[in-house]
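Peer 1: A single structure is presented below for examination.
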Amino acid sequence: MAMREELQQLIERFVGKEAFSSETALNKKLHIEGDDAEDLLVAFSEAFEVDISNFPFDDYFYSESKVPYLWFIKFLGLGKEKKPFYIYQLETAIKIKRLL
């Protein structure tokens, strides 16, 4: 199976049959946050043998404790806005065996 197909199947385990491309942001477009984001990245690391130990998770994803309040946090402009995390970042990580 090709790397792109395998990655697509992995992501679909978390979001279902959602249309996405390399330019799709997991956290902004597909709304993956908290434990779901962590579970996806661990599964990704294991499936593709990618080192995620130095990945700055908090720069991209909200913690699980904040997930129920995200609409409120965003509505009031509280907290720091997270950077988008794109699928192409996963594709690059597969090539270099490290998620940055």
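Residues in the structure tokens are named by chain (A, B, ... in the order shown) and by number from 1 within that chain; ligands are numbered from 1 in the order shown.
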Determine which residues of chain A receive a DSSP assignment of alpha helix (DSSP H), computed from the backbone, and state them as JSON, numbers by chain.

Peer 2: {"A": [3, 4, 5, 6, 7, 8, 9, 10, 11, 12, 13, 14, 15, 34, 35, 36, 37, 38, 39, 40, 41, 42, 43, 44, 45, 46, 47, 48, 57, 58, 59, 60, 70, 71, 72, 73, 74, 75, 76, 87, 88, 89, 90, 91, 92, 93, 94, 95, 96]}

Peer 1: Select from region 11-34 of chain A every residue with an atom at most 8 Å from any atom of region 44-67 of chain A, then for each give the shortest pair of atoms and their distance in Å to one decimal, using only C-alpha atoms, rows by chain and rising number, as a tab-separated table.

Peer 2:
residue	atom	partner	partner_atom	distance
A:Asn27	CA	A:Phe61	CA	6.7
A:Ile32	CA	A:Phe61	CA	7.9
A:Glu33	CA	A:Phe61	CA	5.4
A:Gly34	CA	A:Glu64	CA	3.9

Peer 1: Using C-alpha atoms, can you export the residues from the last selection as an mmCIF file, in the first residue's frame?

Peer 2:
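Below you can see part.cif, which holds the result:
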data_model
loop_
_atom_site.group_PDB
_atom_site.id
_atom_site.type_symbol
_atom_site.label_atom_id
_atom_site.label_comp_id
_atom_site.auth_asym_id
_atom_site.auth_seq_id
_atom_site.Cartn_x
_atom_site.Cartn_y
_atom_site.Cartn_z
ATOM 1 C CA ASN A 27 -6.964 20.910 14.002
ATOM 2 C CA ILE A 32 -8.954 17.069 15.914
ATOM 3 C CA GLU A 33 -7.912 18.235 19.405
ATOM 4 C CA GLY A 34 -6.984 16.900 22.836
#

Peer 1: Between A:Leu90, A:Val42, A:Leu30, A:Ile96, which is the closest to Glu12 (chain A) once you count only C-alpha atoms?

Peer 2: A:Leu30

Peer 1: From the list A:Arg4, A:Leu99, A:Leu10, A:Glu23, which residue is nearest Pro84 (chain A) when using only C-alpha atoms?

Peer 2: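 The answer is A:Glu23, which sits nearest to Pro84 (chain A).
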
Peer 1: List every residue of chain A that DSSP, applied to the backbone of this structure, assigns to strand (DSSP E or B), and report them as an MDAnalysis selection string.

Peer 2: chainID A and resid 25 51 86 98

Peer 1: Would you output that residue set with N, CA and C atoms, as a short mmCIF file (atom, residue, chain, number, x, y, z; two decimals), in the first residue's frame?

Peer 2:
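Now in result32.cif:
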data_model
loop_
_atom_site.label_atom_id
_atom_site.label_comp_id
_atom_site.auth_asym_id
_atom_site.auth_seq_id
_atom_site.Cartn_x
_atom_site.Cartn_y
_atom_site.Cartn_z
N ALA A 25 -5.83 21.28 7.38
CA ALA A 25 -5.34 21.38 8.76
C ALA A 25 -6.15 20.44 9.64
N ASP A 51 9.66 9.58 14.84
CA ASP A 51 9.95 10.09 16.18
C ASP A 51 9.11 11.35 16.43
N TYR A 86 -1.00 20.91 9.43
CA TYR A 86 -1.40 20.40 8.12
C TYR A 86 -0.99 18.95 7.89
N ARG A 98 10.86 12.06 11.48
CA ARG A 98 10.79 12.89 12.68
C ARG A 98 9.72 13.95 12.48
#

Peer 1: Would you mind reading off the distance between CA of Glu18 (chain A) and CA of Glu5 (chain A), one decimal, in Å?

Peer 2: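 The value is 13.9 Å.
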